[in-house]
Structure formats: structure tokens, C-alpha cells
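Structure file upload.cif with mmCIF, C-alpha atoms and all ligand atoms:
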data_start
#
loop_
_atom_site.group_PDB
_atom_site.id
_atom_site.type_symbol
_atom_site.label_atom_id
_atom_site.label_comp_id
_atom_site.auth_asym_id
_atom_site.auth_seq_id
_atom_site.Cartn_x
_atom_site.Cartn_y
_atom_site.Cartn_z
ATOM 1 C CA MET I 1 192.716 201.935 116.884
ATOM 2 C CA THR I 2 193.173 202.500 113.185
ATOM 3 C CA ALA I 3 191.639 199.703 111.147
ATOM 4 C CA ASP I 4 194.046 199.946 108.232
ATOM 5 C CA PRO I 5 197.715 200.137 109.105
ATOM 6 C CA VAL I 6 199.805 202.462 106.949
ATOM 7 C CA LEU I 7 202.555 199.867 107.035
ATOM 8 C CA ARG I 8 202.187 196.106 107.343
ATOM 9 C CA ALA I 9 204.693 193.291 107.281
ATOM 10 C CA VAL I 10 203.563 189.692 107.011
ATOM 11 C CA GLY I 11 206.024 186.850 107.632
ATOM 12 C CA LEU I 12 208.919 189.031 106.532
ATOM 13 C CA THR I 13 212.108 187.045 105.992
ATOM 14 C CA ARG I 14 215.446 188.109 104.525
ATOM 15 C CA VAL I 15 218.506 185.901 104.145
ATOM 16 C CA HIS I 16 221.864 187.574 103.455
ATOM 17 C CA GLY I 17 224.580 185.549 101.718
ATOM 18 C CA HIS I 18 224.487 181.995 100.438
ATOM 19 C CA GLY I 19 225.230 178.438 101.515
ATOM 20 C CA ASP I 20 227.346 178.110 104.660
ATOM 21 C CA ASN I 21 227.554 181.910 104.890
ATOM 22 C CA ALA I 22 223.795 182.465 104.802
ATOM 23 C CA ILE I 23 222.458 184.588 107.642
ATOM 24 C CA THR I 24 218.744 184.942 108.255
ATOM 25 C CA ALA I 25 218.813 188.620 109.237
ATOM 26 C CA VAL I 26 215.023 188.943 109.500
ATOM 27 C CA ASP I 27 213.068 185.815 110.298
ATOM 28 C CA GLY I 28 209.290 185.830 109.921
ATOM 29 C CA VAL I 29 208.452 189.269 111.301
ATOM 30 C CA ASP I 30 204.785 190.345 111.408
ATOM 31 C CA LEU I 31 204.124 194.020 112.072
ATOM 32 C CA ASP I 32 201.164 196.375 111.748
ATOM 33 C CA ILE I 33 201.946 200.072 112.114
ATOM 34 C CA PRO I 34 198.948 202.405 112.355
ATOM 35 C CA THR I 35 199.011 205.868 110.814
ATOM 36 C CA GLY I 36 200.630 208.417 113.092
ATOM 37 C CA GLN I 37 202.463 205.922 115.252
ATOM 38 C CA MET I 38 206.043 206.508 116.322
ATOM 39 C CA LEU I 39 207.598 203.073 116.520
ATOM 40 C CA ALA I 40 211.080 202.362 117.858
ATOM 41 C CA VAL I 41 212.897 199.183 116.829
ATOM 42 C CA THR I 42 215.637 198.171 119.268
ATOM 43 C CA GLY I 43 217.961 195.228 119.804
ATOM 44 C CA PRO I 44 221.644 194.316 119.911
ATOM 45 C CA SER I 45 224.029 194.992 117.045
ATOM 46 C CA GLY I 46 223.509 192.536 114.195
ATOM 47 C CA CYS I 47 219.979 191.499 115.241
ATOM 48 C CA GLY I 48 218.509 192.680 111.924
ATOM 49 C CA LYS I 49 217.246 196.206 112.651
ATOM 50 C CA SER I 50 218.686 197.874 109.539
ATOM 51 C CA THR I 51 217.651 194.933 107.367
ATOM 52 C CA LEU I 52 214.088 195.150 108.674
ATOM 53 C CA LEU I 53 213.960 198.916 108.168
ATOM 54 C CA ARG I 54 215.182 198.620 104.576
ATOM 55 C CA LEU I 55 212.573 195.949 103.831
ATOM 56 C CA LEU I 56 209.788 198.075 105.333
ATOM 57 C CA GLY I 57 210.899 201.113 103.335
ATOM 58 C CA GLY I 58 211.072 199.233 100.038
ATOM 59 C CA LEU I 59 214.854 199.599 99.739
ATOM 60 C CA ASP I 60 215.363 195.860 99.843
ATOM 61 C CA ARG I 61 213.145 192.910 99.016
ATOM 62 C CA PRO I 62 212.191 190.047 101.292
ATOM 63 C CA ASP I 63 212.940 186.416 100.423
ATOM 64 C CA GLU I 64 209.585 185.550 101.952
ATOM 65 C CA GLY I 65 206.610 187.512 103.179
ATOM 66 C CA GLU I 66 204.840 190.702 102.218
ATOM 67 C CA VAL I 67 205.207 194.448 102.744
ATOM 68 C CA TRP I 68 202.167 196.700 102.419
ATOM 69 C CA LEU I 69 202.610 200.472 102.384
ATOM 70 C CA GLY I 70 199.637 202.816 102.239
ATOM 71 C CA GLY I 71 197.356 199.892 101.369
ATOM 72 C CA ARG I 72 199.548 198.703 98.499
ATOM 73 C CA ARG I 73 201.673 195.613 98.374
ATOM 74 C CA ILE I 74 205.151 196.893 97.485
ATOM 75 C CA ASP I 75 207.462 193.874 97.615
ATOM 76 C CA LEU I 76 206.269 192.620 94.225
ATOM 77 C CA LEU I 77 206.547 195.947 92.383
ATOM 78 C CA GLY I 78 209.073 196.302 89.570
ATOM 79 C CA GLU I 79 212.168 198.443 90.178
ATOM 80 C CA ARG I 80 210.841 201.541 88.440
ATOM 81 C CA ALA I 81 207.413 201.420 90.028
ATOM 82 C CA LEU I 82 209.000 200.857 93.415
ATOM 83 C CA ALA I 83 211.430 203.756 92.939
ATOM 84 C CA ARG I 84 208.573 206.048 91.956
ATOM 85 C CA LEU I 85 206.464 204.980 94.926
ATOM 86 C CA ARG I 86 209.416 205.362 97.322
ATOM 87 C CA ARG I 87 210.131 208.869 96.126
ATOM 88 C CA ARG I 88 206.718 210.118 97.189
ATOM 89 C CA THR I 89 205.860 207.920 100.142
ATOM 90 C CA VAL I 90 209.118 207.044 101.901
ATOM 91 C CA GLY I 91 211.607 209.273 103.697
ATOM 92 C CA PHE I 92 214.706 207.341 104.695
ATOM 93 C CA VAL I 93 217.546 208.387 106.989
ATOM 94 C CA HIS I 94 220.339 205.877 106.448
ATOM 95 C CA GLN I 95 222.629 204.739 109.244
ATOM 96 C CA ASP I 96 225.566 206.104 107.203
ATOM 97 C CA PHE I 97 223.549 209.128 105.849
ATOM 98 C CA GLN I 98 224.364 208.455 102.148
ATOM 99 C CA LEU I 99 224.538 212.131 101.221
ATOM 100 C CA MET I 100 225.875 213.037 97.777
ATOM 101 C CA ASP I 101 229.473 214.188 98.347
ATOM 102 C CA GLU I 102 229.556 216.650 95.447
ATOM 103 C CA LEU I 103 226.309 218.417 96.398
ATOM 104 C CA THR I 104 225.897 221.071 99.081
ATOM 105 C CA ALA I 105 223.668 220.494 102.091
ATOM 106 C CA ALA I 106 220.870 222.483 100.422
ATOM 107 C CA GLU I 107 221.259 220.636 97.108
ATOM 108 C CA ASN I 108 221.164 217.280 98.901
ATOM 109 C CA VAL I 109 217.840 218.204 100.471
ATOM 110 C CA GLU I 110 216.446 219.661 97.231
ATOM 111 C CA LEU I 111 217.326 216.671 95.073
ATOM 112 C CA PRO I 112 214.468 214.297 96.042
ATOM 113 C CA ALA I 113 211.969 217.136 95.557
ATOM 114 C CA LEU I 114 213.339 217.863 92.074
ATOM 115 C CA LEU I 115 213.270 214.153 91.216
ATOM 116 C CA ALA I 116 209.651 214.039 92.342
ATOM 117 C CA GLY I 117 208.841 216.841 89.902
ATOM 118 C CA ASP I 118 208.793 219.953 92.082
ATOM 119 C CA ALA I 119 209.759 223.255 90.428
ATOM 120 C CA PRO I 120 213.302 224.367 91.384
ATOM 121 C CA ARG I 121 211.973 227.334 93.346
ATOM 122 C CA THR I 122 209.595 225.133 95.326
ATOM 123 C CA ALA I 123 212.325 222.595 96.032
ATOM 124 C CA ARG I 124 214.695 225.372 97.122
ATOM 125 C CA GLY I 125 212.094 226.855 99.449
ATOM 126 C CA ARG I 126 211.250 223.528 101.038
ATOM 127 C CA ALA I 127 214.909 222.660 101.504
ATOM 128 C CA ALA I 128 215.652 226.019 103.121
ATOM 129 C CA ALA I 129 212.727 225.668 105.536
ATOM 130 C CA LEU I 130 213.751 222.135 106.522
ATOM 131 C CA LEU I 131 217.433 223.029 106.967
ATOM 132 C CA ASP I 132 216.302 225.845 109.215
ATOM 133 C CA ARG I 133 214.147 223.421 111.162
ATOM 134 C CA VAL I 134 217.068 221.061 111.842
ATOM 135 C CA GLY I 135 219.312 223.977 112.804
ATOM 136 C CA MET I 136 221.430 223.882 109.648
ATOM 137 C CA ALA I 137 220.355 227.063 107.852
ATOM 138 C CA ASP I 138 223.811 228.601 108.231
ATOM 139 C CA ARG I 139 225.521 225.550 106.709
ATOM 140 C CA ASP I 140 223.384 225.220 103.587
ATOM 141 C CA ARG I 141 226.239 225.906 101.147
ATOM 142 C CA HIS I 142 228.616 223.431 102.785
ATOM 143 C CA LEU I 143 229.577 220.128 101.231
ATOM 144 C CA PRO I 144 229.070 217.005 103.386
ATOM 145 C CA SER I 145 232.866 216.732 103.774
ATOM 146 C CA GLU I 146 232.814 220.151 105.461
ATOM 147 C CA LEU I 147 230.225 219.072 108.048
ATOM 148 C CA SER I 148 230.486 217.119 111.304
ATOM 149 C CA GLY I 149 228.804 213.711 111.661
ATOM 150 C CA GLY I 150 225.926 215.234 113.586
ATOM 151 C CA GLN I 151 225.486 217.994 111.005
ATOM 152 C CA ARG I 152 225.418 215.459 108.167
ATOM 153 C CA GLN I 153 222.830 213.491 110.103
ATOM 154 C CA ARG I 154 220.641 216.572 110.374
ATOM 155 C CA VAL I 155 220.940 217.197 106.619
ATOM 156 C CA ALA I 156 219.951 213.560 106.017
ATOM 157 C CA ILE I 157 216.882 214.043 108.227
ATOM 158 C CA ALA I 158 215.893 217.210 106.332
ATOM 159 C CA ARG I 159 216.287 215.336 103.043
ATOM 160 C CA ALA I 160 214.062 212.495 104.293
ATOM 161 C CA LEU I 161 211.294 215.011 105.034
ATOM 162 C CA VAL I 162 211.372 217.063 101.842
ATOM 163 C CA ASN I 163 208.642 215.159 99.985
ATOM 164 C CA THR I 164 206.336 214.957 103.032
ATOM 165 C CA PRO I 165 206.437 211.160 102.979
ATOM 166 C CA LEU I 166 203.754 208.829 104.265
ATOM 167 C CA VAL I 167 206.306 207.168 106.532
ATOM 168 C CA VAL I 168 209.683 208.412 107.764
ATOM 169 C CA PHE I 169 212.238 205.697 108.462
ATOM 170 C CA ALA I 170 215.370 206.568 110.397
ATOM 171 C CA ASP I 171 218.242 204.227 111.207
ATOM 172 C CA GLU I 172 219.971 205.443 114.388
ATOM 173 C CA PRO I 173 218.963 209.062 113.729
ATOM 174 C CA THR I 174 220.685 210.284 116.885
ATOM 175 C CA GLY I 175 223.673 207.933 116.702
ATOM 176 C CA ASN I 176 226.145 210.725 115.980
ATOM 177 C CA LEU I 177 224.594 213.515 118.005
ATOM 178 C CA ASP I 178 225.532 214.971 121.369
ATOM 179 C CA THR I 179 222.881 215.337 124.056
ATOM 180 C CA ALA I 180 221.757 218.821 123.001
ATOM 181 C CA ALA I 181 221.476 217.870 119.331
ATOM 182 C CA THR I 182 219.669 214.643 120.314
ATOM 183 C CA HIS I 183 217.100 216.747 122.172
ATOM 184 C CA ASP I 184 216.638 218.945 119.108
ATOM 185 C CA ILE I 185 216.055 215.950 116.846
ATOM 186 C CA LEU I 186 213.675 214.328 119.335
ATOM 187 C CA ARG I 187 211.748 217.594 119.510
ATOM 188 C CA LEU I 188 211.567 217.635 115.710
ATOM 189 C CA PHE I 189 210.273 214.044 115.668
ATOM 190 C CA ALA I 190 207.754 214.956 118.383
ATOM 191 C CA ASP I 191 206.497 217.848 116.227
ATOM 192 C CA LEU I 192 206.220 215.539 113.231
ATOM 193 C CA ARG I 193 204.345 212.968 115.270
ATOM 194 C CA ALA I 194 201.989 215.655 116.583
ATOM 195 C CA ALA I 195 201.286 216.548 112.946
ATOM 196 C CA GLY I 196 200.291 212.918 112.272
ATOM 197 C CA GLN I 197 203.541 211.734 110.699
ATOM 198 C CA THR I 198 204.197 207.999 110.966
ATOM 199 C CA LEU I 199 207.777 207.351 112.108
ATOM 200 C CA VAL I 200 209.794 204.154 112.345
ATOM 201 C CA LEU I 201 213.088 204.598 114.167
ATOM 202 C CA VAL I 202 215.894 202.145 114.788
ATOM 203 C CA THR I 203 217.801 203.051 117.916
ATOM 204 C CA HIS I 204 220.257 201.703 120.463
ATOM 205 C CA ASP I 205 219.449 204.645 122.706
ATOM 206 C CA GLU I 206 216.889 203.845 125.408
ATOM 207 C CA ARG I 207 216.205 207.550 125.858
ATOM 208 C CA VAL I 208 215.153 207.776 122.209
ATOM 209 C CA ALA I 209 213.087 204.566 122.414
ATOM 210 C CA ALA I 210 211.331 205.985 125.494
ATOM 211 C CA THR I 211 209.906 208.825 123.397
ATOM 212 C CA ALA I 212 208.156 206.411 121.003
ATOM 213 C CA ASP I 213 204.557 205.172 121.162
ATOM 214 C CA ARG I 214 205.681 201.594 120.918
ATOM 215 C CA VAL I 215 208.919 199.606 121.071
ATOM 216 C CA VAL I 216 209.563 196.434 119.095
ATOM 217 C CA SER I 217 212.687 194.578 120.152
ATOM 218 C CA LEU I 218 214.458 192.238 117.783
ATOM 219 C CA ARG I 219 216.650 189.279 118.701
ATOM 220 C CA ASP I 220 218.341 187.330 115.918
ATOM 221 C CA GLY I 221 215.864 188.613 113.354
ATOM 222 C CA VAL I 222 212.823 187.640 115.410
ATOM 223 C CA SER I 223 210.478 189.992 117.254
ATOM 224 C CA ALA I 224 211.178 189.363 120.938
ATOM 225 C CA GLY I 225 208.850 191.995 122.339
ATOM 226 C CA ASP I 226 206.230 194.522 121.301
ATOM 227 C CA THR I 227 205.467 197.086 123.972
ATOM 228 C CA PRO I 228 203.110 200.051 123.811
ATOM 229 C CA LEU I 229 204.505 202.963 125.828
ATOM 230 C CA VAL I 230 201.204 204.596 126.605
ATOM 231 C CA VAL I 231 199.960 204.219 130.165
ATOM 232 C CA GLY I 232 196.430 205.446 130.876
ATOM 233 C CA GLY I 233 196.675 207.982 128.081
ATOM 234 C CA SER I 234 199.868 209.515 129.410
ATOM 235 C CA ARG I 235 203.143 208.598 127.835
ATOM 236 C CA LEU I 236 205.824 206.611 129.577
ATOM 237 C CA GLY I 237 208.479 208.771 127.914
ATOM 238 C CA GLY I 238 206.997 211.731 129.740
ATOM 239 C CA LEU I 239 206.982 209.795 133.002
ATOM 240 C CA LEU I 240 210.646 209.033 132.495
ATOM 241 C CA GLY I 241 211.322 212.734 132.245
ATOM 242 C CA TRP I 242 212.006 212.884 128.532
ATOM 243 C CA GLU I 243 210.259 215.760 126.898
ATOM 244 C CA ARG I 244 208.837 215.048 123.491
HETATM 245 N N1 LIG I 301 224.564 192.872 102.753
HETATM 246 C C1 LIG I 301 224.794 191.916 103.658
HETATM 247 N N2 LIG I 301 225.439 190.761 103.326
HETATM 248 C C2 LIG I 301 225.656 189.785 104.241
HETATM 249 N N3 LIG I 301 225.250 189.869 105.525
HETATM 250 C C3 LIG I 301 224.619 190.971 105.913
HETATM 251 C C4 LIG I 301 224.364 192.066 105.007
HETATM 252 N N4 LIG I 301 223.703 193.034 105.679
HETATM 253 C C5 LIG I 301 223.570 192.589 106.940
HETATM 254 N N5 LIG I 301 224.111 191.359 107.078
HETATM 255 C C6 LIG I 301 224.119 190.529 108.312
HETATM 256 O O1 LIG I 301 222.770 190.419 108.736
HETATM 257 C C7 LIG I 301 222.672 190.545 110.150
HETATM 258 C C8 LIG I 301 221.760 191.724 110.471
HETATM 259 O O2 LIG I 301 222.406 192.947 110.050
HETATM 260 P P1 LIG I 301 221.752 194.370 110.270
HETATM 261 O O3 LIG I 301 222.637 195.352 109.614
HETATM 262 O O4 LIG I 301 220.338 194.311 109.859
HETATM 263 O O5 LIG I 301 221.849 194.484 111.865
HETATM 264 P P2 LIG I 301 221.572 195.737 112.830
HETATM 265 O O6 LIG I 301 220.660 195.242 113.906
HETATM 266 O O7 LIG I 301 221.136 196.906 112.051
HETATM 267 O O8 LIG I 301 223.021 196.012 113.460
HETATM 268 P P3 LIG I 301 223.673 197.409 113.972
HETATM 269 O O9 LIG I 301 222.980 197.717 115.278
HETATM 270 O O10 LIG I 301 225.112 197.063 114.193
HETATM 271 O O11 LIG I 301 223.461 198.449 112.925
HETATM 272 C C9 LIG I 301 224.092 190.696 110.648
HETATM 273 O O12 LIG I 301 224.543 189.427 111.057
HETATM 274 C C10 LIG I 301 224.853 191.191 109.452
HETATM 275 O O13 LIG I 301 226.202 190.791 109.508
HETATM 276 MG MG MG I 302 221.996 198.759 111.680
#

Please rewrite the model in this file as C-alpha cells.
Amino acid sequence: MTADPVLRAVGLTRVHGHGDNAITAVDGVDLDIPTGQMLAVTGPSGCGKSTLLRLLGGLDRPDEGEVWLGGRRIDLLGERALARLRRRTVGFVHQDFQLMDELTAAENVELPALLAGDAPRTARGRAAALLDRVGMADRDRHLPSELSGGQRQRVAIARALVNTPLVVFADEPTGNLDTAATHDILRLFADLRAAGQTLVLVTHDERVAATADRVVSLRDGVSAGDTPLVVGGSRLGGLLGWER
């Protein structure tokens, strides 16, 4: 067991809206995620998965509670400091991708590297390697509007990886993929995990959750289960016949 978690949430609470319309999307969640863990967050639609992921990745701020990333408390940082920290330590795959429409696939992947200060050549090289890795090398000059949902998702995954973040967050990363493409992405995540990458995935797909080290299930913003998927050193995902 790792003593210091790379990611820690303490009493995390987030209320959307006001007054009669207020919804407590995340309600007092405590979570410790050790370095190198692949965690899946599951639960029915509207239970707070995306809200929790955004809080953990520093894209949104809690109304109560704390978020610690890489040993630093991040929920109290100012906007600029938080943006700078996110750029280097967080890779985020949004549920709706959020690619830049006017940039090509390659430019979308390069952008965070350029913003983080990489030389254009370095950024270009990293983007090309990652697009190749997600099977999109032949689509690098395409605009997002010229790509299928699954292809856009793969570009979004490549973009999330470009700055070798401390933690990769992915909201339904296989939501738009067919079975073959899902296998490819799961294999990519398995490679990342083998290389020590910490991953937090939100997924509806039990087959994806079964490849994780641990599954946290949310119900109405509350953690309703926290299950390690390692049995006697061998992984339950493997037992279920899902290759990692
Ligand atoms: N910006 C917002 N303003 C108001 N309510 C919101 C906002 N974002 C989310 N909510 C509400 O908070 C609750 C949790 O939403 P969230 O998007 O976190 O759920 P989810 O588990 O990711 O759902 P899904 O599986 O459909 O993506 C829902 O009731 C949702 O309607
Ligand atoms: Mg969601």
C-alpha cells in the first residue's frame, strides 16, 4: 500500500443550482487514490460521476471539502495557479470531448504541450506519437467535424496524455466506441497502468469497470460501494475474460 495517495478527496460536496432548484450532486465523498491505481467510478445517470471527476481534476471547485493532488491542496488555489497546475498534472477526457473545432486532430493534441512551454517540434513529435498510439495517425490533418464520435474520442484521449500528467481522468472514455475500438482503448489504458500511470475513469460499461483495480459506485452523490478487483494477486477483470 502506498502511504501517500496521489489524489485525495475529503468530505467533497458540490451543490449545483440554488434555492428550490439546488441539487447536491456530490455529497461528502472521501477518496484516497494511490499512485498507479486504475479506479473506475460507476453509477446511474445523474448520480454525480462527472461532477466528482471534475472536482478531482481541479476543473470545478467543491462547496465543502478538500482535494489534494500530488500532495498539494488544490481546491483553494487561485484560478491562474490552478490552471498552471492542471496543465502539467492533469489529463482530462471530457464526456463531450471538448476539442477545438477550428484545429486539426494533430493541433488539438499539440496545443496543451505548447501551452505548457514545449518547443513546437517537441509538441508535434509527441502529438504524432500519441495519435499513432490511438490509431489516428492517418487522420491527423482532419478537423473534429470530419471525424466520427469514436475518432474524436481517441483524439481527446491523445490530448489528455500529451503532457504526461500525474493523473488521467476520463469521463466515459469508451462511450462512443464500438467493441473493437473499446478493446484498443482498454489496451492503451492497460499499457499506461503498467507504466505506473494513475487513471480515474467514469464508466457505465461493466466490461470497462472490470478492467480497473478498484470500482467506486456512486448513488445520489454518495459513495455506495468501494470494491478492490484484485483477488489473490490475480485480477478479476482477467478472470472475467477481459484482457487488459
Ligand atoms: N451545471 C449544472 N447545473 C445544475 N445541475 C447540474 C449541473 N451539472 C450537473 N447537474 C446535476 O447534478 C447531478 C449530477 O450530474 P452529473 O453530470 O455529475 O451526473 P453523471 O453521473 O455524470 O450522469 P451521466 O451518467 O448522465 O453523465 C444531476 O442531477 C445533474 O442534473
Ligand atoms: Mg456524466

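The shortest atom-to-atom distance to Ala210 of chain I, with all atoms listed in the file taken into account, belongs to I:Thr42 out of I:Gln151, I:Asn21, I:Thr198, I:Thr42.
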
Which residues match the PyMOL selection byres (((chain I and resi 144-149) around 12) and not hetatm) in the file above, as a ChimeraX atom specification? /I:95-109,136,138-143,150-156,173-178,181

Specify as an MDAnalysis selection string each residue included when the PyMOL selection byres (((not hetatm)) within 10 of (chain I and resi 301)) is applied to this file. chainID I and resid 14:18 21:26 41:55 95:96 171:172 202:204 218:221

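Pairwise distance (atom CA of Leu130 of chain I, atom CA of Phe169 of chain I) equals 16.6 Å.
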
Given 8 Å on each side, where is the centre and what are the edge lengths in Å to one decimal of the axis-aligned box enclosing the listed atoms of segment 185-202 of chain I, as AutoDock Vina command-line options?
--center_x 208.2 --center_y 210.0 --center_z 115.1 --size_x 31.8 --size_y 31.7 --size_z 24.8

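You can rank I:Leu39, I:Val10, I:Leu201, I:Val162 by their closest distance to ligand MG 302 (chain I) using only C-alpha atoms and all ligand atoms, and at the top of that list sits I:Leu201.
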
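Across the structure, atom CA of Arg124 of chain I and atom CA of Ile157 of chain I are spaced 16.0 Å apart.
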
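With all atoms listed in the file as the atoms that count, the residue of I:Ala83, I:Val134, I:Leu114, I:Ala195 with the shortest distance to Asn163 of chain I is I:Leu114.
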
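A straight line drawn from atom CA of Pro165 of chain I to atom CA of Gly58 of chain I is 13.1 Å long.
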
Name the closest residue to Val29 of chain I among the candidates I:Leu192, I:Ala9, I:Leu69, I:Gly91; distances are taken between atoms, counting only C-alpha atoms. I:Ala9

The PyMOL selection byres (((chain I and resi 122) around 12) and not hetatm) on the file shown: which residues, as a VMD selection string? chain I and resid 109 to 114 116 to 121 123 to 129 162 to 163

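With all atoms listed in the file as the atoms that count, the residue of I:Asp226, I:Ala158, I:Leu7, I:Gly65 with the shortest distance to Asp132 of chain I is I:Ala158.
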
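The protein and nucleic acid residues lying at most 9 Å from segment 187-190 of chain I are I:Met38, I:Arg133, I:Val134, I:Thr182, I:His183, I:Ala194, I:Ala195, I:Gln197, I:Leu199, I:Thr211, I:Ala212, I:Glu243, I:Arg244, with only C-alpha atoms considered and sequence neighbours fewer than 4 positions away removed.
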
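Shortest separation to ligand MG 302 (chain I) among I:Val216, I:Leu186, I:Leu82, I:Val93 occurs at residue I:Val93, atoms counted being all atoms listed in the file.
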
Test item: residues at most 10 Å from Trp68 of chain I, all atoms listed in the file, excluding those fewer than 3 positions along its chain, as an MDAnalysis selection string: chainID I and resid 5:10 32 56:58 71:75

Since we have the selection now, will you write its residues out, keeping C-alpha atoms, as a CSV table (one decimal), keeping the file's coordinate frame?
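Here's the written file selection-v9.csv:
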chain,number,residue,atom,x,y,z
I,5,PRO,CA,197.7,200.1,109.1
I,6,VAL,CA,199.8,202.5,106.9
I,7,LEU,CA,202.6,199.9,107.0
I,8,ARG,CA,202.2,196.1,107.3
I,9,ALA,CA,204.7,193.3,107.3
I,10,VAL,CA,203.6,189.7,107.0
I,32,ASP,CA,201.2,196.4,111.7
I,56,LEU,CA,209.8,198.1,105.3
I,57,GLY,CA,210.9,201.1,103.3
I,58,GLY,CA,211.1,199.2,100.0
I,71,GLY,CA,197.4,199.9,101.4
I,72,ARG,CA,199.5,198.7,98.5
I,73,ARG,CA,201.7,195.6,98.4
I,74,ILE,CA,205.2,196.9,97.5
I,75,ASP,CA,207.5,193.9,97.6
